[in-house]
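Coordinates from target.cif are shown below (mmCIF, C-alpha atoms).
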data_target
loop_
_atom_site.label_atom_id
_atom_site.label_comp_id
_atom_site.auth_asym_id
_atom_site.auth_seq_id
_atom_site.Cartn_x
_atom_site.Cartn_y
_atom_site.Cartn_z
CA MET A 1 -9.02 -28.91 -35.69
CA SER A 2 -6.61 -28.94 -32.81
CA ARG A 3 -2.93 -28.63 -33.70
CA LEU A 4 -1.91 -31.41 -31.28
CA THR A 5 -3.72 -34.64 -30.47
CA PRO A 6 -5.29 -34.60 -27.01
CA LEU A 7 -4.63 -37.60 -24.78
CA PRO A 8 -7.55 -39.92 -23.98
CA ARG A 9 -8.90 -39.29 -20.47
CA GLU A 10 -8.35 -42.91 -19.41
CA GLN A 11 -4.60 -42.27 -19.56
CA LEU A 12 -4.91 -39.51 -16.97
CA GLY A 13 -6.94 -41.10 -14.17
CA GLU A 14 -5.03 -39.28 -11.42
CA LEU A 15 -6.39 -35.99 -12.78
CA GLU A 16 -10.07 -36.85 -12.37
CA SER A 17 -10.57 -34.29 -9.56
CA THR A 18 -9.06 -31.60 -11.79
CA PHE A 19 -11.42 -32.54 -14.62
CA GLN A 20 -14.33 -32.41 -12.17
CA THR A 21 -13.33 -28.83 -11.27
CA PHE A 22 -13.38 -27.78 -14.92
CA ARG A 23 -16.60 -29.70 -15.57
CA LYS A 24 -18.25 -27.95 -12.60
CA SER A 25 -17.06 -24.48 -13.56
CA HIS A 26 -17.72 -24.84 -17.30
CA GLY A 27 -20.86 -26.98 -17.16
CA LEU A 28 -19.51 -29.53 -19.59
CA ARG A 29 -21.34 -32.84 -19.74
CA ARG A 30 -18.28 -34.79 -20.74
CA GLN A 31 -14.75 -34.15 -21.75
CA GLN A 32 -13.31 -37.24 -23.39
CA ARG A 33 -9.82 -35.94 -23.94
CA ALA A 34 -7.29 -34.07 -21.86
CA HIS A 35 -5.13 -31.11 -22.74
CA HIS A 36 -2.81 -32.25 -25.50
CA GLY A 37 -0.37 -34.31 -23.50
CA ALA A 38 0.33 -31.66 -20.89
CA PRO A 39 2.25 -33.13 -17.95
CA PRO A 40 -0.16 -33.94 -15.09
CA GLN A 41 1.45 -31.37 -12.78
CA ILE A 42 0.54 -28.57 -15.22
CA LEU A 43 -3.11 -29.63 -15.31
CA GLN A 44 -3.22 -30.14 -11.53
CA THR A 45 -1.70 -26.71 -10.95
CA LEU A 46 -4.07 -25.09 -13.45
CA GLY A 47 -7.02 -26.74 -11.68
CA ALA A 48 -5.80 -25.52 -8.30
CA LEU A 49 -5.30 -22.02 -9.73
CA ALA A 50 -8.83 -22.03 -11.18
CA ARG A 51 -10.28 -23.05 -7.79
CA ALA A 52 -8.23 -20.41 -5.94
CA ILE A 53 -9.29 -17.63 -8.29
CA LEU A 54 -12.86 -18.52 -9.23
CA GLU A 55 -14.21 -20.21 -6.10
CA GLY A 56 -14.77 -17.74 -3.29
CA GLY A 57 -13.02 -14.46 -2.73
CA ALA A 58 -14.48 -10.99 -2.36
CA VAL A 59 -15.08 -10.24 -6.06
CA PRO A 60 -18.36 -11.75 -7.29
CA LEU A 61 -18.08 -14.72 -9.66
CA SER A 62 -20.43 -12.95 -12.06
CA LEU A 63 -17.93 -10.08 -12.41
CA LYS A 64 -14.99 -12.49 -12.67
CA SER A 65 -16.84 -14.19 -15.54
CA CYS A 66 -17.29 -10.79 -17.24
CA ILE A 67 -13.59 -10.07 -16.72
CA CYS A 68 -12.66 -13.42 -18.29
CA GLN A 69 -14.90 -12.69 -21.28
CA ILE A 70 -13.66 -9.14 -21.89
CA ALA A 71 -10.03 -10.31 -21.55
CA SER A 72 -10.69 -13.09 -24.07
CA TRP A 73 -12.30 -10.61 -26.46
CA THR A 74 -9.28 -8.34 -26.08
CA THR A 75 -6.81 -11.12 -26.90
CA GLY A 76 -9.07 -12.59 -29.59
CA CYS A 77 -9.32 -16.16 -28.27
CA LEU A 78 -12.61 -17.44 -29.68
CA TYR A 79 -12.44 -20.74 -27.81
CA CYS A 80 -12.27 -18.89 -24.49
CA GLN A 81 -14.94 -16.42 -25.57
CA ALA A 82 -17.33 -19.34 -26.10
CA HIS A 83 -16.45 -20.89 -22.73
CA PHE A 84 -16.73 -17.64 -20.81
CA ALA A 85 -20.04 -16.75 -22.49
CA ASN A 86 -21.29 -20.07 -21.09
CA ASN A 87 -19.70 -19.33 -17.70
CA MET A 88 -21.22 -15.84 -17.57
CA LEU A 89 -24.70 -17.26 -18.04
CA ARG A 90 -24.03 -20.07 -15.52
CA SER A 91 -22.80 -17.54 -12.93
CA GLY A 92 -26.03 -15.57 -13.12
CA VAL A 93 -25.11 -12.82 -15.58
CA ALA A 94 -28.23 -11.79 -17.50
CA PRO A 95 -28.06 -12.41 -21.27
CA GLU A 96 -28.58 -8.66 -21.86
CA LYS A 97 -25.48 -7.92 -19.83
CA LEU A 98 -23.45 -10.39 -21.89
CA GLU A 99 -24.79 -8.83 -25.09
CA ASN A 100 -23.74 -5.37 -23.85
CA LEU A 101 -20.40 -6.35 -22.32
CA TRP A 102 -18.22 -4.89 -25.03
CA ASP A 103 -20.19 -1.62 -24.67
CA PHE A 104 -19.73 -1.58 -20.88
CA GLU A 105 -18.53 2.05 -20.93
CA ARG A 106 -21.93 3.29 -22.12
CA SER A 107 -24.30 0.60 -20.89
CA ALA A 108 -26.42 1.35 -17.83
CA LEU A 109 -26.21 -2.37 -16.97
CA PHE A 110 -22.71 -1.88 -15.50
CA SER A 111 -21.84 -0.09 -12.27
CA ALA A 112 -18.89 2.28 -11.90
CA ALA A 113 -17.02 -0.42 -9.95
CA GLU A 114 -17.61 -2.97 -12.73
CA ARG A 115 -16.51 -0.47 -15.37
CA ALA A 116 -13.25 0.18 -13.52
CA ALA A 117 -12.54 -3.57 -13.32
CA LEU A 118 -13.45 -4.18 -16.97
CA ARG A 119 -11.42 -1.19 -18.18
CA PHE A 120 -8.46 -2.60 -16.24
CA ALA A 121 -9.03 -6.06 -17.77
CA VAL A 122 -8.93 -4.64 -21.30
CA ALA A 123 -5.73 -2.70 -20.59
CA ALA A 124 -4.00 -5.63 -18.84
CA SER A 125 -4.91 -8.02 -21.69
CA GLN A 126 -3.35 -5.88 -24.40
CA VAL A 127 0.08 -6.51 -25.86
CA PRO A 128 1.97 -4.44 -24.96
CA ASN A 129 0.30 -4.06 -21.60
CA GLY A 130 -1.83 -0.91 -21.43
CA VAL A 131 -2.21 -0.56 -17.65
CA THR A 132 -1.45 2.91 -16.27
CA ASP A 133 -1.31 4.48 -12.82
CA GLU A 134 -4.72 6.00 -13.60
CA HIS A 135 -6.23 2.51 -13.80
CA PHE A 136 -5.13 1.89 -10.21
CA VAL A 137 -6.42 5.27 -9.03
CA GLU A 138 -9.81 4.36 -10.46
CA LEU A 139 -9.75 0.78 -9.15
CA LYS A 140 -8.97 2.02 -5.62
CA ARG A 141 -12.12 4.15 -5.66
CA HIS A 142 -14.17 0.93 -5.71
CA TRP A 143 -12.00 -2.00 -4.64
CA ASP A 144 -9.55 -2.69 -1.82
CA ASP A 145 -6.03 -3.99 -2.49
CA GLY A 146 -7.04 -7.64 -1.99
CA GLN A 147 -9.91 -7.30 -4.45
CA ILE A 148 -7.63 -5.61 -6.99
CA VAL A 149 -5.20 -8.54 -6.71
CA GLU A 150 -8.14 -10.92 -7.18
CA ILE A 151 -9.22 -9.04 -10.33
CA LEU A 152 -5.65 -9.12 -11.67
CA ALA A 153 -5.30 -12.83 -10.87
CA THR A 154 -8.47 -13.47 -12.87
CA ILE A 155 -7.03 -11.58 -15.85
CA CYS A 156 -3.74 -13.48 -15.61
CA TYR A 157 -5.47 -16.86 -15.33
CA VAL A 158 -7.53 -16.23 -18.46
CA GLY A 159 -4.41 -14.95 -20.23
CA PHE A 160 -2.85 -18.41 -19.81
CA LEU A 161 -6.00 -20.04 -21.18
CA ASN A 162 -6.17 -17.61 -24.11
CA ARG A 163 -2.60 -18.34 -25.18
CA TRP A 164 -2.96 -22.09 -24.64
CA ASN A 165 -6.23 -22.61 -26.49
CA ASP A 166 -5.64 -20.12 -29.30
CA SER A 167 -2.15 -21.47 -30.01
CA LEU A 168 -3.35 -25.09 -30.06
CA ALA A 169 -6.60 -24.26 -31.90
CA THR A 170 -8.39 -26.32 -29.26
CA THR A 171 -11.57 -27.91 -30.61
CA LEU A 172 -14.64 -26.31 -29.09
CA GLU A 173 -17.04 -28.53 -27.14
CA GLU A 174 -20.79 -28.67 -27.74
CA ILE A 175 -22.11 -26.70 -24.73
CA PRO A 176 -19.86 -23.62 -25.06
CA ALA A 177 -20.32 -23.76 -28.84
CA GLN A 178 -24.08 -23.47 -28.34
CA ALA A 179 -23.65 -20.65 -25.81
CA ALA A 180 -21.47 -18.81 -28.33
CA ALA A 181 -23.97 -19.38 -31.14
CA ASP A 182 -26.77 -18.05 -28.95
CA THR A 183 -24.94 -15.00 -27.59
CA LEU A 184 -21.84 -14.20 -29.61
CA ALA A 185 -22.93 -14.90 -33.20
CA PRO A 186 -21.93 -11.43 -34.46
CA ARG A 187 -18.38 -12.14 -33.22
CA ALA A 188 -18.13 -15.66 -34.73
CA GLY A 189 -14.77 -16.36 -36.24
CA LYS A 190 -11.99 -18.73 -37.05
CA ARG A 191 -13.08 -21.74 -34.98
CA ALA A 192 -16.86 -21.38 -35.13
CA SER A 193 -16.99 -24.52 -37.26
CA THR A 194 -14.84 -26.72 -34.99
CA ALA A 195 -17.57 -27.61 -32.50
CA GLY A 196 -18.76 -31.17 -32.38
#
Show me this structure written as structure tokens.
Amino acid sequence: MSRLTPLPREQLGELESTFQTFRKSHGLRRQQRAHHGAPPQILQTLGALARAILEGGAVPLSLKSCICQIASWTTGCLYCQAHFANNMLRSGVAPEKLENLWDFERSALFSAAERAALRFAVAASQVPNGVTDEHFVELKRHWDDGQIVEILATICYVGFLNRWNDSLATTLEEIPAQAAADTLAPRAGKRASTAG
């Protein structure tokens, strides 16, 4: 159960385009409540940030979805893990790749460029931060500076979501809950029962 009461959507009509962005990216059929009384400018800015990071750019959305998932696994946010499992599948990531994501170092399903990005995502999501100069040496073998910034922006965006949703114990919606049950069951945890 969420630690704060979300506001009804009808109180936040000016944010409908922001909700449409999240609905499009997350594949949610309906979202009746908004984010726990957050001021509209926070939600608008978060929606704009999501569009800037996830829509377009030079790094494929499928890899960005993998980065979001591995970052959420690293921080332990189960709500975000469920959402990003759903997003990975929606962005065209094969279920086998999702199932092998945590084993990306050994799995033949991941390229050297993907491994470098995912290794960086794990290090950047740790507290304290585990990024080293060697991470950047490896990243630069596969990605240009703009792509590296795009990868880092993805990690930072999901870091906000991880802290927000894990701290509030945000109630998990039906569609990501089902995606998690189908793909992440071995990692089920503290909010697996909050869907519905």
Practice prompt. Would you work out the distance separating atom CA of Cys156 of chain A from atom CA of Ala124 of chain A, expressed in Å to one decimal?
Written response: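 Taking atom CA of Cys156 of chain A as the start and atom CA of Ala124 of chain A as the end point, the length is 8.5 Å.
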Fill in: Distance criterion (only C-alpha atoms): nearest to Ile148 of chain A out of A:Asp182, A:Glu114, A:Glu173, A:Glu55
A:Glu114
Discussion item. Could you tell me how far atom CA of Val149 of chain A sits from atom CA of Asn86 of chain A, in Å to one decimal place?
Written reply: 24.5 Å
Discussion item. Need to verify the contact set: Cys66 of chain A, 10 Å, only C-alpha atoms, exclusion of same-chain residues closer than 2 positions in sequence. Can you return it as a ChimeraX atom specification?
Written reply: /A:61-64,68-72,84-85,87-89,91,93,97-98,101-102,114,117-118,121
Worksheet item: Could you write out as a ChimeraX atom specification the residues that the PyMOL selection byres ((chain A and resi 58) around 10) matches in the shown file?
Response: /A:55-57,59-61,143-144,146-148,150-151
Discussion item. Just the number, please: distance in Å from atom CA of Asn162 of chain A to atom CA of Thr75 of chain A, one decimal.
Written reply: 7.1 Å
Practice prompt. Go through A:Asp145, A:Glu174, A:Asp166, A:Glu138 and flag the residue nearest Ala116 of chain A, using all atoms listed in the file for the distances.
Written response: A:Glu138
Discussion item. From the options A:Val131, A:Leu152, A:Leu168, A:Ala179, which residue's atoms come nearest to Arg3 of chain A, counting all atoms listed in the file?
Written reply: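 Distance minimum relative to Arg3 of chain A lands on A:Leu168.
Every protein or nucleic acid residue with an atom no more than 12 Å from Phe160 of chain A, counting all atoms listed in the file and leaving out same-chain residues fewer than 3 positions away, appears here: Ile42, Leu46, Leu49, Ala50, Cys68, Ala71, Ser72, Thr75, Cys77, Cys80, Ser125, Ala153, Thr154, Ile155, Cys156, Tyr157, Arg163, Trp164, Asn165, Asp166 and Ser167 of chain A.
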Worksheet item: Looking at A:Leu78, A:Val122, A:Leu139, A:Leu184, which one is nearest to Asn100 of chain A, with distances taken over only C-alpha atoms?
Response: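 Among the listed residues, the smallest separation from Asn100 of chain A belongs to A:Leu184.
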Worksheet item: Between A:Pro176, A:Pro40, A:Gly92, A:Gly159, which has the minimum distance to Trp73 of chain A (counting all atoms listed in the file)?
Response: A:Gly159
